[in-house]
Amino acid sequence: MVKAAAKTTASATPSAERRAALAGQTVSATGVALAVLPPAERISLRAPEASVAALSKALGVTLPTKPKTSASKAGRTALWLGPDEWLVIDEAGKDPLADCAKVTALHSAVGISHRNVAFSVTGPAAAAAINGGCPQDLSLEVFPVGAASRTILGKSEIVLLRSGPDAFRVECWRSFSDYVFTLLSEAASDAAA
Amino acid sequence: MSGAFRIPGAGRLKQAKTARFSFDGQAYAGVEGDTLASALLANGVHLVGRSFKYHRPRGFLSAGAEEPNALVQIARDDARKTPNVRATVQELYDGLAAQSQNRWPSLAFDVGAVNDIASPFFSAGFYYKTFMWPKAAWKSLYEPKIRAAAGLGVSPDRPDPDHYAARFAHCDVLVLGGGAAGIAAALAAAETGASVMLADEQAEFGGSLRFETGARIDGQDGFGWAQGAIAKLKAMDNVRVLSRTTAFGYYAQNFVGLVERVSDHLQNPGRELARERLWQVRAKRVVLATGAIERHMVFADNDRPGIMLASAARTYLNHYGVAVGKNVGVYTANDSAYAAAIDLKKAGVNIAAIVDLRDNPTGPVIDEARALGIEINFGRAVVRAGGKFRVTSMTVQPKNGGGERTIPVDAVLMSAGWTPSVHLFSQSRGKVAFNDETKRFVPGTYAQDCVSVGACNGTDGLAATVDEAYAAGAKAAKDAGAKAAKGTKPKVDAGESWSRGMLGAAPGAGPDTTVKAFVDFQNDVTAKDIRQAVHEGMHSIEHVKRFTTNGMATDQGKTSNMHGLAIAAETLGKPIPQVGLTTFRAPYTPVTFGSIVGHARGPLFDPTRRTAIHPWAEAQGAVFEDVGQWKRAWYFPKGGEDMHAAVDRECVGVRKTAGLFDASTLGKIEVVGPDAAKFMELLYTNPWEKLEPGRCRYGIMLREDGFIYDDGVVGRLAPDRFHVTTTTGGAPRVMNHMEDYLQTEFPHLNVWLSSITEQWAVIAVQGPKSRNIIAPLVEGIDMSDEALPHMSVREGKICGVPTRLFRMSFTGERGFEVNVPADYGQAVWEALWAEGQKHGAVAYGTETMHVLRAEKGYIIVGQDTDGTVTPNDAGLDWAVGKKKTDFVGIRGLARPDLVAKGRKQLVGLKTKDTKVVLEEGAQIVADPKQSIPMKMIGHVTSSYWSENCGRSIALALVAGGRDRMGETLYVPMPNGVIEVEVTGMVFFDEKGERLNG
């Protein structure tokens, strides 16, 4: 009995269905639209300065070293979160964890694809909507296209990336996604008013 | 036009539509653009409230935010009742319904007015002197009565249906105040291209240009120029103009809080509009253009309705087209009241007389008043006002004494001079300086990057104000990094200018002790009260303020502070600067709770965190409990079960076959790097270096003081990679604790921490059939006991998706914890559930989890420990590496107190009556016959009914507990003493055979 159960089943088990948080939800108000973005591959990358070049090469995107910046190439974006910390998001279906695995230089790469949920906030009132809960200066001079920051939205931590003059990507942890989406929706309707 | 006192052709509301409203049930008509105050005055209504303490009839003192008297209740519906609305600020809308406050049964007949007659009993400081005896009366009589009497108006007893918005903003230059100074500063700053915000509390910009008919700028009348300038500013991309917006607080580093009243002025605000919006603005430079507030004259009965500030009467006339009376007296100590008299006279209102306290003032306005045939009396004082619900006369006397003359009037305009509004400057921690010549406090030493311009800076005259403000606006923009201004400065063609005046009590204010010459109208503080406070030994202005409550009402003494200070200084025989000024504090005007709360209501009050498996549990009818921000399935009642029945069934089910439990909320941290094991050695009491990859260990983390901080199972995935679990509630602080030590104490270690709590959904499958349930779904992992013994971890696939499969147990049964990427959590759970159904598995919640672990004596940090428990106290010495030379808390553990005999130790308790379940937290004594207070030797930390044991079980911290095995102890409860026996902590399967069962 025990032995039978212990036997590994090598047969092709039907793959479990992926159910992303808030999948497909959208909200639109005058001047601002919110949407839940599709799943993406993500890693939390930690590394000393000496490893940056090797990791950049492996990832195919130059890891930014200036605070509040990001770099993007071929659907892969690296966001500077700290002096030795990056959030790497791959929207092209390629696995950055696998790319880092080949790197011998000192680093820590941890898969967090499912940890985060991403929203797009777009439109002329996008910054105003985010400023409904985020205290950062989102003017284009201070937070230009490509700027990135780990910050807060109300009572939740978020990672904010400006993907265009009127477009932002907001990342939060999965269980905070309800809160973040609801707050963004309320703030969007106020920004539109 | 609506209202008998509306003067045809006067004011700026000539084309406005009628707006109907009611006050105390009486219907009136006003016009759009009116305030409630101007609309009532247009209808000849002056009596609008009763004062706080003496219940004296009160009318309008002002036409703005400084109003102390005209506080009304406005109710849109039962849930929208707003007390203490200043009628001088509330804009009229069609259908507005207002009620007077602090009167019963009616405004004209108010029982509380007996306080006025009984006023000798309510002298200054009466709060501190009365109600002291008998002591027992405090609770039953005094406090309830005082509570009922305290405050004005009635708060709503239903949830606020409105919603409130919030916005953070940054700008180069924030201009506070939208009068001539603020507009000029904003123009100068905006023309440089700098980002500018301009806020004013009024519906319309212009400040005192609303009433100053003598102002002409750029060839236009002052108010018209202001509107043009605002239109120009609004059209600029770099400018945000906020009307109806009060800057209420000035905080550190140019952080300013403002409240925008978005929809209080609208008849039918739609759901999409917030009621108010809180702006939290960080500005590189702040320009304070907050103006000045006129002071009243302090004389006997100066609070009679119809007695008001001269500038207020002028505003009602020149902006709203309303005459405040037909036969108006004027009492002044400076020029500005003359301008009001002249404007009213020209509008056809009779000016009975101007009484000027000054001896022989000269100037153009005095000449003009004389030329208009107005009677002017120099060197005289109004010593008393006649009338009750409305002023009927003013009695005039030479200021040094002499014959009295009573002049019939239906309104009195007063002006003692102007007080610069230094509230926000003072809030910014700037120090004010007293100008002895002009008798006013003006900004002295600045503490932040701000500048004061115009009247709030003590600058007199429109031309000087605009010059100063324009230059300051340009400089503020330049200092914020902008280029030089390209625009042209507004040209002031004509303006008005007043300065001087008087501070303190005028001749009619005493020394007679029965005289009520009000200094602070809202708190009913008279000149006599201030003198009395000084005589009773209050020599600091801060003490005088608290003893008399002068300036402590919701108007924060905007009209009263300087008078109160001057009277105190005079009584003390000291110059004003030596007596000092009380500190200005936020908020400048009252702020609603709603605006502070903003979006954070209902679902947005705090994030509600749900696991990936939550929808399944919800569909199964699980009852949830809050664990921090998480919702966790507590138990799964079936077919009408109560909690006990459900938990008993779940407990038995797990041990009989198997149970599925959602453990996703457990904190998870991935510790990665070549020094990962070294780091773990330092953070945990256990040894880690020799733990083989693929194996797990139960770890204990201490604080520096040697007490247990957190615990959890840690799996070593690779030589340089650990998968650490923490308690649900401890997840964030454990991460911070680890990160803190890594960065500050062990920065030499090459190791990094990443939170993976939310990356993995965790499904605990526990029970004798657990392997049978999991095995069919797993790929690439040998699940035999030899290949996957208790306390090991493997990576592979389940249901075709990646898993970190832990063999571990928090139940004492053979058990597994299946980690899968969160988005797959529910599908994998469903697959396991389907498999489990073949074996009769149950779903269980946190309550069953608690019972099962207690049956095995497994502790829960935070329940069985309380921050004063060492590993030894908890019976966990085995988890402390004996050969280790360092870890956080190792020195703490060696402290004499922590190794002393008699410490409280965790033990099991069995009640003698097996059916009795102890109360968690209950105290334990050795001898129940002691006299009270008994010596308590411990307390119950965990207690449950155990269906598996067929009896109640409990864990407890008991002094010297492990030396008391078999002893009988006692738990005294309200219904009698419960006898218990001290036992070991394991109640079920003491040998632990079931881990491989």
# chains A, B, ... in the order shown; residues from 1 in each chain; ligands from 1

call {"tool": "interface_residues", "arguments": {"of": "chain B", "to": "chain A", "cutoff": "7 Å", "atoms": "only C-alpha atoms", "output": "PyMOL selection string"}}
result
chain B and resi 165-170+272-273+604+606-611+672-673+752+754+756+758-759+771-772+775-784+799-801+821-824+827-828

call {"tool": "residues_around", "arguments": {"residues": "Thr941 of chain B", "least_positions_apart": "3", "cutoff": "7 Å", "atoms": "only C-alpha atoms", "output": "PyMOL selection string"}}
result
chain B and resi 863-864+920-921+955-957

call {"tool": "write_last_selection", "arguments": {"atoms": "N, CA and C atoms", "output": "PDB file, in the first residue's frame"}}
result
ATOM      1  N   GLN B 863       1.247  32.900  21.306  1.00  0.00           N
ATOM      2  CA  GLN B 863       0.139  32.394  22.120  1.00  0.00           C
ATOM      3  C   GLN B 863       0.686  31.701  23.363  1.00  0.00           C
ATOM      4  N   ASP B 864       1.607  30.773  23.135  1.00  0.00           N
ATOM      5  CA  ASP B 864       2.219  30.083  24.267  1.00  0.00           C
ATOM      6  C   ASP B 864       3.482  30.808  24.721  1.00  0.00           C
ATOM      7  N   GLU B 920      -8.422  30.271  28.361  1.00  0.00           N
ATOM      8  CA  GLU B 920      -7.074  30.750  28.055  1.00  0.00           C
ATOM      9  C   GLU B 920      -6.862  32.067  28.784  1.00  0.00           C
ATOM     10  N   GLY B 921      -5.714  32.211  29.392  1.00  0.00           N
ATOM     11  CA  GLY B 921      -5.434  33.420  30.171  1.00  0.00           C
ATOM     12  C   GLY B 921      -5.760  33.269  31.634  1.00  0.00           C
ATOM     13  N   LEU B 955      -2.212  23.949  27.736  1.00  0.00           N
ATOM     14  CA  LEU B 955      -0.804  24.270  27.959  1.00  0.00           C
ATOM     15  C   LEU B 955      -0.777  25.492  28.876  1.00  0.00           C
ATOM     16  N   ALA B 956       0.235  25.568  29.699  1.00  0.00           N
ATOM     17  CA  ALA B 956       0.295  26.685  30.643  1.00  0.00           C
ATOM     18  C   ALA B 956       1.732  27.007  30.966  1.00  0.00           C
ATOM     19  N   LEU B 957       1.968  28.256  31.284  1.00  0.00           N
ATOM     20  CA  LEU B 957       3.264  28.694  31.800  1.00  0.00           C
ATOM     21  C   LEU B 957       3.136  28.695  33.319  1.00  0.00           C
TER      22      LEU B 957
END

call {"tool": "residues_around", "arguments": {"residues": "Val328 of chain B", "least_positions_apart": "5", "cutoff": "9 Å", "atoms": "only C-alpha atoms", "output": "PyMOL selection string"}}
result
chain B and resi 341+344+349-353+408-413

call {"tool": "write_last_selection", "arguments": {"atoms": "N, CA and C atoms", "output": "PDB file, in the first residue's frame"}}
result
ATOM      1  N   ALA B 341     -18.448 103.088   6.490  1.00  0.00           N
ATOM      2  CA  ALA B 341     -19.497 104.081   6.692  1.00  0.00           C
ATOM      3  C   ALA B 341     -19.773 104.849   5.407  1.00  0.00           C
ATOM      4  N   LEU B 344     -21.684 102.633   2.875  1.00  0.00           N
ATOM      5  CA  LEU B 344     -23.095 102.458   3.270  1.00  0.00           C
ATOM      6  C   LEU B 344     -23.870 103.751   3.062  1.00  0.00           C
ATOM      7  N   VAL B 349     -27.805 104.172   3.162  1.00  0.00           N
ATOM      8  CA  VAL B 349     -28.047 103.754   4.547  1.00  0.00           C
ATOM      9  C   VAL B 349     -27.664 104.913   5.467  1.00  0.00           C
ATOM     10  N   ASN B 350     -28.505 105.166   6.440  1.00  0.00           N
ATOM     11  CA  ASN B 350     -28.187 106.258   7.354  1.00  0.00           C
ATOM     12  C   ASN B 350     -27.073 105.845   8.305  1.00  0.00           C
ATOM     13  N   ILE B 351     -26.085 106.702   8.445  1.00  0.00           N
ATOM     14  CA  ILE B 351     -25.038 106.461   9.432  1.00  0.00           C
ATOM     15  C   ILE B 351     -25.347 107.365  10.615  1.00  0.00           C
ATOM     16  N   ALA B 352     -25.737 106.753  11.732  1.00  0.00           N
ATOM     17  CA  ALA B 352     -26.171 107.535  12.894  1.00  0.00           C
ATOM     18  C   ALA B 352     -25.023 108.364  13.447  1.00  0.00           C
ATOM     19  N   ALA B 353     -23.887 107.760  13.581  1.00  0.00           N
ATOM     20  CA  ALA B 353     -22.717 108.483  14.050  1.00  0.00           C
ATOM     21  C   ALA B 353     -21.506 107.583  13.957  1.00  0.00           C
ATOM     22  N   PRO B 408     -29.868 105.818  19.089  1.00  0.00           N
ATOM     23  CA  PRO B 408     -30.565 104.645  18.564  1.00  0.00           C
ATOM     24  C   PRO B 408     -29.916 104.165  17.265  1.00  0.00           C
ATOM     25  N   VAL B 409     -29.671 102.887  17.164  1.00  0.00           N
ATOM     26  CA  VAL B 409     -29.105 102.289  15.943  1.00  0.00           C
ATOM     27  C   VAL B 409     -29.722 100.908  15.757  1.00  0.00           C
ATOM     28  N   ASP B 410     -29.611 100.331  14.546  1.00  0.00           N
ATOM     29  CA  ASP B 410     -29.998  98.929  14.379  1.00  0.00           C
ATOM     30  C   ASP B 410     -28.808  98.059  13.951  1.00  0.00           C
ATOM     31  N   ALA B 411     -27.655  98.679  13.893  1.00  0.00           N
ATOM     32  CA  ALA B 411     -26.430  97.929  13.653  1.00  0.00           C
ATOM     33  C   ALA B 411     -25.260  98.799  14.088  1.00  0.00           C
ATOM     34  N   VAL B 412     -24.194  98.147  14.554  1.00  0.00           N
ATOM     35  CA  VAL B 412     -22.973  98.875  14.902  1.00  0.00           C
ATOM     36  C   VAL B 412     -21.815  98.191  14.193  1.00  0.00           C
ATOM     37  N   LEU B 413     -21.025  99.029  13.508  1.00  0.00           N
ATOM     38  CA  LEU B 413     -19.824  98.488  12.858  1.00  0.00           C
ATOM     39  C   LEU B 413     -18.631  98.835  13.723  1.00  0.00           C
TER      40      LEU B 413
END

call {"tool": "residues_around", "arguments": {"residues": "Cys100 of chain A", "least_positions_apart": "3", "cutoff": "8 Å", "atoms": "only C-alpha atoms", "output": "list of chain:residue names"}}
result
A:Leu55, A:Ala58, A:Leu59, A:Pro96, A:Leu97, A:Val103, A:Ala109

call {"tool": "atom_distance", "arguments": {"atom1": "atom CA of Ala74 of chain A", "atom2": "atom CA of Val820 of chain B"}}
result
28.3 Å

call {"tool": "residues_around", "arguments": {"residues": "Glu990 of chain B", "least_positions_apart": "4", "cutoff": "10 Å", "atoms": "only C-alpha atoms", "output": "mmCIF file with C-alpha atoms, in the first residue's frame"}}
result
data_model
loop_
_atom_site.group_PDB
_atom_site.id
_atom_site.type_symbol
_atom_site.label_atom_id
_atom_site.label_comp_id
_atom_site.auth_asym_id
_atom_site.auth_seq_id
_atom_site.Cartn_x
_atom_site.Cartn_y
_atom_site.Cartn_z
ATOM 1 C CA GLY B 812 1.982 14.880 14.625
ATOM 2 C CA GLU B 855 -2.465 17.670 21.311
ATOM 3 C CA LYS B 856 1.164 17.273 20.324
ATOM 4 C CA GLY B 857 2.476 20.079 22.544
ATOM 5 C CA GLY B 984 3.901 16.827 30.032
ATOM 6 C CA MET B 985 3.026 18.841 26.956
ATOM 7 C CA VAL B 986 2.253 15.918 24.679
ATOM 8 C CA ARG B 994 2.346 8.574 13.791
#

call {"tool": "select_by_dssp", "arguments": {"residues": "segment 365-394 of chain B", "states": "strand (DSSP E or B)", "output": "list in words"}}
result
Ile376, Asn377, Phe378, Arg380, Ala381, Val382, Val383, Arg384, Ala385, Gly386, Ser393 and Met394 of chain B

call {"tool": "atom_distance", "arguments": {"atom1": "atom CA of Phe21 of chain B", "atom2": "atom CA of Asp94 of chain B"}}
result
6.1 Å

call {"tool": "residues_around", "arguments": {"residues": "Ser163 of chain A", "least_positions_apart": "4", "cutoff": "12 Å", "atoms": "only C-alpha atoms", "output": "list in words"}}
result
Thr69, Ser70, Ala71, Ser72, Thr77, Leu79, Phe119, Ser120, Val121, Thr122, Gly123, Ala126, Ala127, Leu140, Phe143, Pro144, Val145, Gly146, Ala147, Ala148, Ala167, Phe168, Arg169 and Val170 of chain A

call {"tool": "write_last_selection", "arguments": {"atoms": "C-alpha atoms", "output": "CSV table (one decimal), in the first residue's frame"}}
result
chain,number,residue,atom,x,y,z
A,69,THR,CA,15.5,54.2,-13.0
A,70,SER,CA,14.8,51.2,-15.1
A,71,ALA,CA,16.0,49.6,-18.3
A,72,SER,CA,14.0,47.8,-20.9
A,77,THR,CA,12.4,45.4,-17.8
A,79,LEU,CA,13.8,48.1,-12.3
A,119,PHE,CA,-1.9,47.0,-13.2
A,120,SER,CA,-1.7,49.5,-16.0
A,121,VAL,CA,-2.9,53.0,-15.2
A,122,THR,CA,-3.1,55.1,-18.3
A,123,GLY,CA,-4.5,58.4,-19.6
A,126,ALA,CA,-3.2,58.6,-14.6
A,127,ALA,CA,-0.6,60.5,-12.4
A,140,LEU,CA,7.5,64.3,-15.9
A,143,PHE,CA,9.5,61.0,-12.6
A,144,PRO,CA,10.2,60.7,-16.3
A,145,VAL,CA,9.3,57.9,-18.6
A,146,GLY,CA,11.3,54.9,-17.4
A,147,ALA,CA,11.4,56.1,-13.8
A,148,ALA,CA,10.7,53.3,-11.3
A,167,ALA,CA,1.1,55.4,-18.6
A,168,PHE,CA,2.2,53.7,-15.4
A,169,ARG,CA,2.7,50.1,-14.4
A,170,VAL,CA,1.8,49.4,-10.7

call {"tool": "atom_distance", "arguments": {"atom1": "atom CA of Val36 of chain A", "atom2": "atom CA of Ile158 of chain A"}}
result
14.3 Å

call {"tool": "select_by_dssp", "arguments": {"residues": "segment 748-813 of chain B", "states": "alpha helix (DSSP H)", "output": "list of chain:residue names"}}
result
B:Ser770, B:Arg771, B:Asn772, B:Ile773, B:Ile774
